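Colleague: The structure follows.
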Amino acid sequence: MITVRCFATVREILGYAMRELPPSHEPQLASDILTVIAGERAADLPKPLLVAINCEHASLTSPVKDGDEIAFFPPVSGG
Amino acid sequence: MITVRCFATVREILGYAMRELPPSHEPQLASDILTVIAGERAADLPKPLLVAINCEHASLTSPVKDGDEIAFFPPVSGG
Amino acid sequence: MIIRLQTSDFDPEREAQALDVKGAGARVSFVGTVRDRAQDRRIETLEIEHYPEMTRAELTRIGSAAQTAHHLLEVLIIHRYGRLQGNERIVLVTVWSAHRAEAFAGCQAIVDALKTRAPFWKKEISPEGAVWVPGHTPQDLR
Amino acid sequence: MIIRLQTSDFDPEREAQALDVKGAGARVSFVGTVRDRAQDRRIETLEIEHYPEMTRAELTRIGSAAQTAHHLLEVLIIHRYGRLQGNERIVLVTVWSAHRAEAFAGCQAIVDALKTRAPFWKKEISPEGAVWVPGHTPQDLR
């Protein structure tokens, strides 16, 4: 399974903080996961939209495989 | 009177921390005061030699007048 | 290196003392506090959301990178999350090094990286409503 | 602005808290400590001589200049003199500002100016004898 996590405005717009997706048999990119989870609401999501895979910053073109945790969130403001 | 103060290695070389000098009738520069107080030992003093007049950084070419306090010291190391 | 994520407040000096770093001539600390006004709104509460597993990993990467780049002897990062009030402390970054220039550069590098890379999000709650604080995107994540 | 010259130690956090600066999002502190080694010598004692009247005037000028240049809300400088042991605190510089970049720049400007302009002289006493620490001369005082 692939674990999807959403934070801040992404969580508010999509309406959940976490879900699991079965992996595809084809190679998948982060953008493919986003299409599955956001569908038509992709246009409502914050831009730029940040991506992390397994707790490291990544991008929409990063590959995602079975067992990965992928997260979507708006730009951060730590400190 | 002109008050002369010496710090650190200048104090150690000249052997005193403070003395008073009668002002000259002629206009005087800090370098003139140094000649009076150091004499032949001027060559033994640290280089660069720093000067302060009335608690502000100055130079050997700064004028000194009656009532002033002039200080000579080596480069500082605060902090 | 000490990384702590917590809801409770902290005493910056006690935390630094506890590390007892020897041989460091210079220690530089940054304390960030919740602003109590934004534009003309009075901020009552700041809600800080974060991504706990990634926050810990990212702060460790940020701290390690600064430690290497700026020859830091020790690094301490404490970041709060949850609900905070105006003027409360949010974050402490303290670094130790042999020389002052390295300590300033290392501390500032960590604080800058926190702003743009650490997965925290802030919502300011004022009498007029709640507003997400705009985030920062570093060049390499655009 | 608070300027203090003293022989006794200080608690950096308590001193900063006592000022209770409101509206400052960022606070940056520098704590300098006595090194316990120089080259291969073990330093037992550091003797700090200063020029009290000028030190106070010069620290005030340094603090005011940084306050204006870097939009600091408040400045605290505590500098010790007299006899100190290895690893003891010598100096605290804490500044408050609305934004972090100003706080870092302002604190560093004060610490840099202390090194080159504040009339302190240090003698390191080790088992091998006493050595004056070489000082610094800023460009405009050469």
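Note on naming: chains are A, B, ... as they come in the structure tokens, residues start from 1 per chain, ligands start from 1 in the order shown.
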Would you give me, as a VMD selection string, the residues of chain D that come within 12 Å of chain A, using only C-alpha atoms?
Modeller: chain D and resid 25 to 26 99 to 100
Colleague: Keeping N, CA, C and O atoms, export the residues of the selection given above as an mmCIF file, in the first residue's frame.
Modeller:
```cif
data_model
loop_
_atom_site.group_PDB
_atom_site.id
_atom_site.type_symbol
_atom_site.label_atom_id
_atom_site.label_comp_id
_atom_site.auth_asym_id
_atom_site.auth_seq_id
_atom_site.Cartn_x
_atom_site.Cartn_y
_atom_site.Cartn_z
ATOM 1 N N GLY D 25 9.466 39.710 17.442
ATOM 2 C CA GLY D 25 9.327 38.324 16.987
ATOM 3 C C GLY D 25 10.610 37.542 17.123
ATOM 4 O O GLY D 25 10.582 36.321 17.182
ATOM 5 N N ALA D 26 11.742 38.255 17.160
ATOM 6 C CA ALA D 26 13.037 37.574 17.144
ATOM 7 C C ALA D 26 13.959 38.123 18.220
ATOM 8 O O ALA D 26 14.017 39.326 18.458
ATOM 9 N N HIS D 99 12.052 41.183 13.174
ATOM 10 C CA HIS D 99 12.373 40.142 12.199
ATOM 11 C C HIS D 99 13.739 39.535 12.467
ATOM 12 O O HIS D 99 14.636 40.199 12.960
ATOM 13 N N ARG D 100 13.893 38.300 12.072
ATOM 14 C CA ARG D 100 15.100 37.564 12.441
ATOM 15 C C ARG D 100 16.366 38.092 11.776
ATOM 16 O O ARG D 100 17.430 38.103 12.392
#
```
Colleague: Please return as a ChimeraX atom specification: the residues of chain C that backbone DSSP assigns to strand (DSSP E or B).
Modeller: /C:2-6,26-33,37-38,41-42,45-50,74-80,82-85,89-97,120-126,129-132,136
Colleague: Identify all chain C residues at most 10 Å from chain D by counting only C-alpha atoms; ligands do not count. Present them as JSON, numbers by chain.
Modeller: {"C": [11, 12, 13, 14, 21, 22, 23, 24, 25, 26, 27, 28, 29, 30, 31, 32, 33, 34, 35, 36, 37, 86, 87, 88, 89, 90, 91, 92, 93, 94, 95, 96, 98, 99, 100, 101, 103, 104, 105, 107, 108, 111, 112]}
Colleague: Can you give chain C as a tab-separated table (two decimals) with N, CA and C atoms, in the first residue's frame after you superpose it on chain D, pairing all C-alpha atoms in order for the least-squares fit?
Modeller:
```tsv
chain	number	residue	atom	x	y	z
C	1	MET	N	17.99	50.69	26.15
C	1	MET	CA	19.27	49.97	26.06
C	1	MET	C	19.86	49.82	27.45
C	2	ILE	N	20.32	48.62	27.76
C	2	ILE	CA	20.95	48.35	29.05
C	2	ILE	C	22.40	47.97	28.81
C	3	ILE	N	23.32	48.69	29.48
C	3	ILE	CA	24.75	48.39	29.41
C	3	ILE	C	25.20	48.11	30.83
C	4	ARG	N	25.80	46.96	31.05
C	4	ARG	CA	26.28	46.66	32.40
C	4	ARG	C	27.72	46.16	32.35
C	5	LEU	N	28.55	46.71	33.25
C	5	LEU	CA	29.93	46.27	33.41
C	5	LEU	C	30.05	45.74	34.82
C	6	GLN	N	30.51	44.52	34.98
C	6	GLN	CA	30.50	43.94	36.33
C	6	GLN	C	31.56	42.85	36.44
C	7	THR	N	31.93	42.55	37.68
C	7	THR	CA	32.90	41.47	37.90
C	7	THR	C	32.18	40.13	38.03
C	8	SER	N	30.92	40.16	38.46
C	8	SER	CA	30.21	38.91	38.76
C	8	SER	C	29.61	38.27	37.51
C	9	ASP	N	29.27	37.00	37.63
C	9	ASP	CA	28.64	36.24	36.55
C	9	ASP	C	27.19	36.72	36.38
C	10	PHE	N	26.54	36.24	35.33
C	10	PHE	CA	25.16	36.63	35.04
C	10	PHE	C	24.42	35.43	34.47
C	11	ASP	N	23.09	35.47	34.59
C	11	ASP	CA	22.23	34.45	33.98
C	11	ASP	C	21.62	35.06	32.73
C	12	PRO	N	22.05	34.61	31.54
C	12	PRO	CA	21.60	35.26	30.30
C	12	PRO	C	20.09	35.33	30.16
C	13	GLU	N	19.41	34.25	30.55
C	13	GLU	CA	17.96	34.23	30.35
C	13	GLU	C	17.25	35.17	31.31
C	14	ARG	N	17.70	35.16	32.57
C	14	ARG	CA	17.05	36.02	33.56
C	14	ARG	C	17.23	37.49	33.18
C	15	GLU	N	18.42	37.83	32.68
C	15	GLU	CA	18.68	39.21	32.29
C	15	GLU	C	17.77	39.62	31.13
C	16	ALA	N	17.61	38.69	30.18
C	16	ALA	CA	16.77	38.99	29.00
C	16	ALA	C	15.31	39.11	29.42
C	17	GLN	N	14.87	38.20	30.26
C	17	GLN	CA	13.47	38.21	30.72
C	17	GLN	C	13.14	39.51	31.44
C	18	ALA	N	14.12	40.00	32.21
C	18	ALA	CA	13.88	41.19	33.03
C	18	ALA	C	13.51	42.39	32.15
C	19	LEU	N	13.98	42.37	30.90
C	19	LEU	CA	13.67	43.49	30.01
C	19	LEU	C	12.25	43.43	29.47
C	20	ASP	N	11.71	42.21	29.33
C	20	ASP	CA	10.31	42.04	28.96
C	20	ASP	C	9.93	42.86	27.73
C	21	VAL	N	10.62	42.62	26.61
C	21	VAL	CA	10.38	43.37	25.38
C	21	VAL	C	9.16	42.80	24.67
C	22	LYS	N	8.20	43.64	24.38
C	22	LYS	CA	6.97	43.20	23.69
C	22	LYS	C	7.07	43.47	22.19
C	23	GLY	N	6.39	42.63	21.43
C	23	GLY	CA	6.29	42.90	19.99
C	23	GLY	C	7.52	42.50	19.19
C	24	ALA	N	8.47	41.82	19.85
C	24	ALA	CA	9.68	41.39	19.14
C	24	ALA	C	9.50	39.94	18.73
C	25	GLY	N	9.49	39.68	17.45
C	25	GLY	CA	9.34	38.31	16.99
C	25	GLY	C	10.63	37.52	17.11
C	26	ALA	N	11.75	38.23	17.17
C	26	ALA	CA	13.05	37.56	17.15
C	26	ALA	C	13.98	38.11	18.22
C	27	ARG	N	14.67	37.20	18.86
C	27	ARG	CA	15.67	37.60	19.86
C	27	ARG	C	16.92	36.79	19.56
C	28	VAL	N	18.05	37.46	19.41
C	28	VAL	CA	19.31	36.77	19.17
C	28	VAL	C	20.28	37.13	20.28
C	29	SER	N	20.93	36.11	20.84
C	29	SER	CA	21.87	36.31	21.93
C	29	SER	C	23.22	35.73	21.58
C	30	PHE	N	24.25	36.44	21.99
C	30	PHE	CA	25.61	35.92	21.90
C	30	PHE	C	26.16	35.83	23.32
C	31	VAL	N	26.71	34.66	23.67
C	31	VAL	CA	27.40	34.51	24.95
C	31	VAL	C	28.85	34.12	24.63
C	32	GLY	N	29.77	34.94	25.07
C	32	GLY	CA	31.19	34.62	24.90
C	32	GLY	C	31.74	34.06	26.19
C	33	THR	N	32.56	33.00	26.07
C	33	THR	CA	33.15	32.40	27.26
C	33	THR	C	34.67	32.41	27.16
C	34	VAL	N	35.30	32.32	28.31
C	34	VAL	CA	36.77	32.29	28.38
C	34	VAL	C	37.25	30.97	27.79
C	35	ARG	N	38.17	31.04	26.84
C	35	ARG	CA	38.70	29.78	26.33
C	35	ARG	C	39.61	29.17	27.41
C	36	ASP	N	39.68	27.85	27.41
C	36	ASP	CA	40.48	27.20	28.46
C	36	ASP	C	41.82	26.71	27.93
C	37	ARG	N	42.02	26.89	26.63
C	37	ARG	CA	43.31	26.55	26.02
C	37	ARG	C	43.66	27.61	24.99
C	38	ALA	N	44.95	27.92	24.86
C	38	ALA	CA	45.42	28.80	23.79
C	38	ALA	C	46.69	28.13	23.27
C	39	GLN	N	46.70	27.83	21.95
C	39	GLN	CA	47.77	26.99	21.41
C	39	GLN	C	47.87	25.77	22.35
C	40	ASP	N	49.02	25.53	22.93
C	40	ASP	CA	49.13	24.35	23.78
C	40	ASP	C	49.10	24.66	25.26
C	41	ARG	N	48.83	25.92	25.58
C	41	ARG	CA	48.82	26.29	27.00
C	41	ARG	C	47.43	26.15	27.60
C	42	ARG	N	47.37	25.67	28.81
C	42	ARG	CA	46.10	25.59	29.53
C	42	ARG	C	45.92	26.91	30.29
C	43	ILE	N	44.82	27.58	30.02
C	43	ILE	CA	44.61	28.88	30.64
C	43	ILE	C	43.93	28.71	31.99
C	44	GLU	N	44.61	29.18	33.04
C	44	GLU	CA	44.05	29.06	34.39
C	44	GLU	C	43.14	30.25	34.70
C	45	THR	N	43.62	31.42	34.31
C	45	THR	CA	42.90	32.64	34.67
C	45	THR	C	43.00	33.64	33.52
C	46	LEU	N	41.94	34.39	33.32
C	46	LEU	CA	41.98	35.49	32.36
C	46	LEU	C	41.77	36.78	33.15
C	47	GLU	N	42.73	37.69	33.02
C	47	GLU	CA	42.57	39.00	33.68
C	47	GLU	C	42.09	40.00	32.64
C	48	ILE	N	40.96	40.60	32.90
C	48	ILE	CA	40.41	41.58	31.95
C	48	ILE	C	40.52	42.96	32.57
C	49	GLU	N	41.32	43.80	31.91
C	49	GLU	CA	41.47	45.20	32.31
C	49	GLU	C	40.57	46.03	31.41
C	50	HIS	N	40.02	47.11	31.91
C	50	HIS	CA	39.28	47.99	31.00
C	50	HIS	C	39.39	49.44	31.45
C	51	TYR	N	38.81	50.32	30.69
C	51	TYR	CA	38.87	51.77	30.92
C	51	TYR	C	37.42	52.15	31.21
C	52	PRO	N	37.03	52.09	32.48
C	52	PRO	CA	35.60	52.07	32.83
C	52	PRO	C	34.77	53.18	32.18
C	53	GLU	N	35.23	54.43	32.28
C	53	GLU	CA	34.42	55.54	31.77
C	53	GLU	C	34.27	55.42	30.25
C	54	MET	N	35.36	55.08	29.57
C	54	MET	CA	35.29	54.97	28.11
C	54	MET	C	34.52	53.72	27.70
C	55	THR	N	34.68	52.64	28.44
C	55	THR	CA	33.96	51.41	28.09
C	55	THR	C	32.46	51.67	28.05
C	56	ARG	N	31.98	52.33	29.10
C	56	ARG	CA	30.55	52.60	29.16
C	56	ARG	C	30.11	53.48	27.97
C	57	ALA	N	30.92	54.52	27.70
C	57	ALA	CA	30.57	55.43	26.60
C	57	ALA	C	30.63	54.71	25.25
C	58	GLU	N	31.65	53.89	25.08
C	58	GLU	CA	31.83	53.22	23.78
C	58	GLU	C	30.75	52.16	23.57
C	59	LEU	N	30.42	51.41	24.62
C	59	LEU	CA	29.37	50.39	24.46
C	59	LEU	C	28.03	51.06	24.14
C	60	THR	N	27.81	52.21	24.73
C	60	THR	CA	26.57	52.95	24.44
C	60	THR	C	26.55	53.39	22.98
C	61	ARG	N	27.69	53.87	22.49
C	61	ARG	CA	27.76	54.27	21.07
C	61	ARG	C	27.55	53.06	20.16
C	62	ILE	N	28.21	51.95	20.49
C	62	ILE	CA	28.10	50.73	19.67
C	62	ILE	C	26.65	50.24	19.65
C	63	GLY	N	26.03	50.19	20.82
C	63	GLY	CA	24.65	49.72	20.92
C	63	GLY	C	23.68	50.62	20.17
C	64	SER	N	23.87	51.93	20.30
C	64	SER	CA	22.97	52.88	19.64
C	64	SER	C	23.10	52.79	18.13
C	65	ALA	N	24.34	52.67	17.66
C	65	ALA	CA	24.57	52.59	16.21
C	65	ALA	C	23.88	51.35	15.65
C	66	ALA	N	24.00	50.22	16.34
C	66	ALA	CA	23.37	48.98	15.86
C	66	ALA	C	21.85	49.08	15.93
C	67	GLN	N	21.38	49.72	16.98
C	67	GLN	CA	19.93	49.85	17.17
C	67	GLN	C	19.32	50.61	15.99
C	68	THR	N	19.99	51.67	15.57
C	68	THR	CA	19.51	52.47	14.45
C	68	THR	C	19.68	51.73	13.13
C	69	ALA	N	20.87	51.17	12.92
C	69	ALA	CA	21.17	50.55	11.62
C	69	ALA	C	20.31	49.31	11.37
C	70	HIS	N	19.98	48.57	12.43
C	70	HIS	CA	19.30	47.29	12.25
C	70	HIS	C	17.89	47.26	12.84
C	71	HIS	N	17.35	48.43	13.16
C	71	HIS	CA	15.98	48.51	13.66
C	71	HIS	C	15.74	47.60	14.85
C	72	LEU	N	16.64	47.66	15.82
C	72	LEU	CA	16.48	46.82	17.00
C	72	LEU	C	15.52	47.49	17.97
C	73	LEU	N	14.66	46.67	18.58
C	73	LEU	CA	13.71	47.21	19.55
C	73	LEU	C	14.37	47.42	20.91
C	74	GLU	N	15.35	46.58	21.22
C	74	GLU	CA	16.04	46.69	22.51
C	74	GLU	C	17.41	46.03	22.40
C	75	VAL	N	18.34	46.53	23.21
C	75	VAL	CA	19.72	46.01	23.23
C	75	VAL	C	20.16	45.85	24.68
C	76	LEU	N	20.76	44.71	24.97
C	76	LEU	CA	21.31	44.43	26.30
C	76	LEU	C	22.76	43.98	26.12
C	77	ILE	N	23.67	44.67	26.80
C	77	ILE	CA	25.08	44.27	26.76
C	77	ILE	C	25.59	44.15	28.19
C	78	ILE	N	26.09	42.98	28.54
C	78	ILE	CA	26.73	42.79	29.85
C	78	ILE	C	28.15	42.31	29.58
C	79	HIS	N	29.14	42.99	30.14
C	79	HIS	CA	30.53	42.60	29.93
C	79	HIS	C	31.21	42.53	31.30
C	80	ARG	N	31.89	41.44	31.55
C	80	ARG	CA	32.60	41.30	32.81
C	80	ARG	C	34.04	41.80	32.69
C	81	TYR	N	34.63	42.13	33.84
C	81	TYR	CA	36.04	42.46	33.89
C	81	TYR	C	36.60	41.86	35.18
C	82	GLY	N	37.91	41.96	35.35
C	82	GLY	CA	38.54	41.36	36.53
C	82	GLY	C	39.09	39.98	36.21
C	83	ARG	N	39.15	39.10	37.20
C	83	ARG	CA	39.75	37.78	37.03
C	83	ARG	C	38.67	36.73	36.76
C	84	LEU	N	38.81	36.03	35.64
C	84	LEU	CA	37.85	34.97	35.28
C	84	LEU	C	38.59	33.66	35.09
C	85	GLN	N	37.88	32.57	35.28
C	85	GLN	CA	38.45	31.23	35.06
C	85	GLN	C	38.03	30.70	33.69
C	86	GLY	N	38.73	29.67	33.22
C	86	GLY	CA	38.39	29.03	31.94
C	86	GLY	C	36.93	28.59	31.92
C	87	ASN	N	36.30	28.76	30.77
C	87	ASN	CA	34.90	28.39	30.54
C	87	ASN	C	33.87	29.29	31.22
C	88	GLU	N	34.34	30.30	31.96
C	88	GLU	CA	33.36	31.25	32.51
C	88	GLU	C	32.82	32.15	31.41
C	89	ARG	N	31.58	32.62	31.60
C	89	ARG	CA	31.01	33.60	30.67
C	89	ARG	C	31.72	34.95	30.80
C	90	ILE	N	32.04	35.59	29.69
C	90	ILE	CA	32.60	36.94	29.72
C	90	ILE	C	31.55	37.98	29.35
C	91	VAL	N	30.81	37.70	28.28
C	91	VAL	CA	29.99	38.75	27.69
C	91	VAL	C	28.66	38.20	27.21
C	92	LEU	N	27.65	39.03	27.32
C	92	LEU	CA	26.32	38.73	26.78
C	92	LEU	C	25.88	39.90	25.92
C	93	VAL	N	25.46	39.60	24.70
C	93	VAL	CA	24.82	40.62	23.86
C	93	VAL	C	23.49	40.03	23.41
C	94	THR	N	22.40	40.66	23.80
C	94	THR	CA	21.08	40.19	23.37
C	94	THR	C	20.36	41.35	22.70
C	95	VAL	N	19.77	41.06	21.54
C	95	VAL	CA	19.01	42.09	20.84
C	95	VAL	C	17.64	41.53	20.46
C	96	TRP	N	16.70	42.45	20.36
C	96	TRP	CA	15.33	42.09	20.00
C	96	TRP	C	14.94	42.88	18.76
C	97	SER	N	14.24	42.22	17.83
C	97	SER	CA	13.71	42.98	16.70
C	97	SER	C	12.48	42.27	16.19
C	98	ALA	N	11.80	42.91	15.26
C	98	ALA	CA	10.59	42.32	14.71
C	98	ALA	C	10.93	41.11	13.84
C	99	HIS	N	12.07	41.17	13.16
C	99	HIS	CA	12.40	40.13	12.18
C	99	HIS	C	13.77	39.52	12.46
C	100	ARG	N	13.92	38.27	12.06
C	100	ARG	CA	15.12	37.54	12.43
C	100	ARG	C	16.39	38.07	11.78
C	101	ALA	N	16.29	38.50	10.51
C	101	ALA	CA	17.51	38.94	9.81
C	101	ALA	C	18.12	40.16	10.50
C	102	GLU	N	17.26	41.08	10.93
C	102	GLU	CA	17.73	42.27	11.63
C	102	GLU	C	18.37	41.89	12.97
C	103	ALA	N	17.74	40.95	13.66
C	103	ALA	CA	18.27	40.55	14.97
C	103	ALA	C	19.66	39.92	14.82
C	104	PHE	N	19.83	39.03	13.84
C	104	PHE	CA	21.15	38.42	13.64
C	104	PHE	C	22.18	39.48	13.26
C	105	ALA	N	21.82	40.34	12.30
C	105	ALA	CA	22.78	41.35	11.83
C	105	ALA	C	23.14	42.32	12.95
C	106	GLY	N	22.14	42.72	13.73
C	106	GLY	CA	22.40	43.69	14.80
C	106	GLY	C	23.26	43.11	15.90
C	107	CYS	N	22.98	41.87	16.28
C	107	CYS	CA	23.76	41.23	17.35
C	107	CYS	C	25.21	41.05	16.88
C	108	GLN	N	25.37	40.59	15.66
C	108	GLN	CA	26.73	40.36	15.15
C	108	GLN	C	27.49	41.68	15.02
C	109	ALA	N	26.82	42.74	14.61
C	109	ALA	CA	27.48	44.05	14.49
C	109	ALA	C	28.00	44.51	15.86
C	110	ILE	N	27.22	44.29	16.89
C	110	ILE	CA	27.64	44.70	18.24
C	110	ILE	C	28.83	43.86	18.70
C	111	VAL	N	28.75	42.55	18.51
C	111	VAL	CA	29.84	41.68	18.95
C	111	VAL	C	31.13	42.01	18.19
C	112	ASP	N	31.02	42.24	16.88
C	112	ASP	CA	32.20	42.61	16.09
C	112	ASP	C	32.79	43.93	16.60
C	113	ALA	N	31.94	44.89	16.89
C	113	ALA	CA	32.43	46.20	17.35
C	113	ALA	C	33.09	46.09	18.72
C	114	LEU	N	32.53	45.23	19.58
C	114	LEU	CA	33.14	45.00	20.90
C	114	LEU	C	34.61	44.59	20.76
C	115	LYS	N	34.84	43.69	19.80
C	115	LYS	CA	36.18	43.11	19.63
C	115	LYS	C	37.20	44.17	19.24
C	116	THR	N	36.75	45.16	18.48
C	116	THR	CA	37.72	46.10	17.89
C	116	THR	C	37.67	47.49	18.49
C	117	ARG	N	36.59	47.85	19.20
C	117	ARG	CA	36.44	49.23	19.65
C	117	ARG	C	36.29	49.39	21.16
C	118	ALA	N	35.84	48.35	21.86
C	118	ALA	CA	35.58	48.50	23.30
C	118	ALA	C	36.90	48.34	24.06
C	119	PRO	N	37.25	49.29	24.93
C	119	PRO	CA	38.57	49.29	25.56
C	119	PRO	C	38.71	48.26	26.69
C	120	PHE	N	38.87	47.00	26.24
C	120	PHE	CA	39.18	45.89	27.14
C	120	PHE	C	40.51	45.30	26.69
C	121	TRP	N	41.27	44.81	27.67
C	121	TRP	CA	42.52	44.12	27.35
C	121	TRP	C	42.59	42.87	28.20
C	122	LYS	N	43.06	41.78	27.60
C	122	LYS	CA	43.01	40.48	28.28
C	122	LYS	C	44.41	39.91	28.44
C	123	LYS	N	44.66	39.39	29.64
C	123	LYS	CA	45.94	38.72	29.90
C	123	LYS	C	45.62	37.28	30.31
C	124	GLU	N	46.15	36.34	29.52
C	124	GLU	CA	45.91	34.92	29.80
C	124	GLU	C	47.02	34.40	30.70
C	125	ILE	N	46.62	33.81	31.82
C	125	ILE	CA	47.60	33.30	32.77
C	125	ILE	C	47.57	31.78	32.74
C	126	SER	N	48.70	31.19	32.34
C	126	SER	CA	48.81	29.74	32.26
C	126	SER	C	49.99	29.31	33.12
C	127	PRO	N	50.16	28.00	33.33
C	127	PRO	CA	51.30	27.54	34.14
C	127	PRO	C	52.63	28.06	33.60
C	128	GLU	N	52.69	28.33	32.28
C	128	GLU	CA	53.94	28.81	31.67
C	128	GLU	C	54.15	30.31	31.84
C	129	GLY	N	53.16	31.04	32.33
C	129	GLY	CA	53.32	32.48	32.50
C	129	GLY	C	52.12	33.26	31.99
C	130	ALA	N	52.28	34.58	31.92
C	130	ALA	CA	51.18	35.45	31.52
C	130	ALA	C	51.44	36.02	30.13
C	131	VAL	N	50.40	36.04	29.31
C	131	VAL	CA	50.53	36.54	27.93
C	131	VAL	C	49.36	37.48	27.63
C	132	TRP	N	49.66	38.68	27.15
C	132	TRP	CA	48.58	39.57	26.70
C	132	TRP	C	47.98	39.01	25.41
C	133	VAL	N	46.67	38.98	25.34
C	133	VAL	CA	46.00	38.54	24.12
C	133	VAL	C	46.13	39.65	23.08
C	134	PRO	N	46.61	39.33	21.88
C	134	PRO	CA	46.74	40.38	20.85
C	134	PRO	C	45.38	41.03	20.58
C	135	GLY	N	45.40	42.34	20.44
C	135	GLY	CA	44.15	43.06	20.21
C	135	GLY	C	43.87	43.23	18.73
C	136	HIS	N	42.79	43.94	18.46
C	136	HIS	CA	42.33	44.16	17.08
C	136	HIS	C	42.29	45.66	16.84
C	137	THR	N	42.64	46.06	15.63
C	137	THR	CA	42.57	47.48	15.31
C	137	THR	C	41.66	47.68	14.11
C	138	PRO	N	40.55	48.37	14.30
C	138	PRO	CA	39.67	48.60	13.15
C	138	PRO	C	40.35	49.54	12.17
C	139	GLN	N	39.92	49.42	10.91
C	139	GLN	CA	40.53	50.19	9.83
C	139	GLN	C	40.60	51.69	10.14
C	140	ASP	N	39.54	52.22	10.72
C	140	ASP	CA	39.49	53.67	10.90
C	140	ASP	C	40.33	54.16	12.08
C	141	LEU	N	40.92	53.24	12.85
C	141	LEU	CA	41.77	53.68	13.96
C	141	LEU	C	43.23	53.40	13.72
C	142	ARG	N	43.57	52.92	12.52
C	142	ARG	CA	44.98	52.62	12.24
C	142	ARG	C	45.76	53.90	12.03
```
Colleague: Set the distance at 9 Å and use only C-alpha atoms: which residues neighbour Ile37 (chain A) once local chain neighbours fewer than 4 positions away are removed? I'd like the list as an mmCIF file with all heavy atoms, in the first residue's frame.
Modeller:
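Here's the written file out.cif:
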```
data_model
loop_
_atom_site.group_PDB
_atom_site.id
_atom_site.type_symbol
_atom_site.label_atom_id
_atom_site.label_comp_id
_atom_site.auth_asym_id
_atom_site.auth_seq_id
_atom_site.Cartn_x
_atom_site.Cartn_y
_atom_site.Cartn_z
ATOM 1 N N VAL A 4 -0.933 8.037 1.991
ATOM 2 C CA VAL A 4 -0.999 9.427 1.556
ATOM 3 C C VAL A 4 -1.359 10.293 2.756
ATOM 4 O O VAL A 4 -2.330 9.991 3.473
ATOM 5 C CB VAL A 4 -2.052 9.622 0.446
ATOM 6 C CG1 VAL A 4 -2.096 11.091 0.006
ATOM 7 C CG2 VAL A 4 -1.766 8.715 -0.731
ATOM 8 N N LEU A 14 -9.098 18.706 0.876
ATOM 9 C CA LEU A 14 -9.443 17.321 0.507
ATOM 10 C C LEU A 14 -10.286 16.631 1.585
ATOM 11 O O LEU A 14 -10.953 15.634 1.305
ATOM 12 C CB LEU A 14 -8.168 16.515 0.208
ATOM 13 C CG LEU A 14 -7.351 17.031 -0.991
ATOM 14 C CD1 LEU A 14 -6.167 16.117 -1.253
ATOM 15 C CD2 LEU A 14 -8.217 17.146 -2.252
ATOM 16 N N LEU A 21 -3.615 3.904 -0.416
ATOM 17 C CA LEU A 21 -3.957 3.588 -1.802
ATOM 18 C C LEU A 21 -3.237 2.305 -2.189
ATOM 19 O O LEU A 21 -2.068 2.124 -1.854
ATOM 20 C CB LEU A 21 -3.419 4.679 -2.742
ATOM 21 C CG LEU A 21 -4.112 6.032 -2.828
ATOM 22 C CD1 LEU A 21 -3.402 6.871 -3.899
ATOM 23 C CD2 LEU A 21 -5.572 5.865 -3.164
ATOM 24 N N ASP A 32 0.858 11.316 -10.290
ATOM 25 C CA ASP A 32 -0.192 10.310 -10.523
ATOM 26 C C ASP A 32 -1.020 10.087 -9.245
ATOM 27 O O ASP A 32 -2.237 9.944 -9.292
ATOM 28 C CB ASP A 32 0.420 8.980 -10.969
ATOM 29 C CG ASP A 32 1.187 9.115 -12.278
ATOM 30 O OD1 ASP A 32 0.706 9.851 -13.168
ATOM 31 O OD2 ASP A 32 2.267 8.509 -12.391
ATOM 32 N N ILE A 33 -0.318 10.065 -8.119
ATOM 33 C CA ILE A 33 -1.021 9.899 -6.838
ATOM 34 C C ILE A 33 -1.946 11.094 -6.608
ATOM 35 O O ILE A 33 -3.097 10.954 -6.183
ATOM 36 C CB ILE A 33 -0.012 9.807 -5.658
ATOM 37 C CG1 ILE A 33 1.001 8.687 -5.897
ATOM 38 C CG2 ILE A 33 -0.745 9.650 -4.331
ATOM 39 C CD1 ILE A 33 0.451 7.297 -5.833
ATOM 40 N N ARG A 41 -10.589 18.419 -7.786
ATOM 41 C CA ARG A 41 -10.230 19.445 -6.812
ATOM 42 C C ARG A 41 -8.750 19.838 -6.883
ATOM 43 O O ARG A 41 -8.288 20.671 -6.120
ATOM 44 C CB ARG A 41 -10.584 18.963 -5.403
ATOM 45 C CG ARG A 41 -12.096 18.996 -5.153
ATOM 46 C CD ARG A 41 -12.438 18.268 -3.873
ATOM 47 N NE ARG A 41 -11.935 16.878 -3.939
ATOM 48 C CZ ARG A 41 -11.982 16.022 -2.917
ATOM 49 N NH1 ARG A 41 -12.466 16.405 -1.766
ATOM 50 N NH2 ARG A 41 -11.531 14.794 -3.063
ATOM 51 N N ALA A 42 -7.997 19.211 -7.756
ATOM 52 C CA ALA A 42 -6.571 19.548 -7.893
ATOM 53 C C ALA A 42 -6.383 21.046 -8.131
ATOM 54 O O ALA A 42 -5.433 21.655 -7.634
ATOM 55 C CB ALA A 42 -5.935 18.740 -9.024
#
```
Colleague: Which residue, A:Ala38, A:Ala30, A:Ile2, A:Leu45, has the smallest gap to Leu60 (chain A) when you use only C-alpha atoms?
Modeller: A:Ala30
Colleague: As a PyMOL selection string, please: every residue in chain A that DSSP puts in alpha helix (DSSP H).
Modeller: chain A and resi 8-14+30-38
Colleague: Quick one: residues within 8 Å of Asp66 (chain A), only C-alpha atoms counted, chain neighbours fewer than 3 positions away excluded, as a list of chain:residue names?
Modeller: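 These residues fall inside the cut-off: A:Met1, A:Ile2, A:Pro22, A:Pro23.
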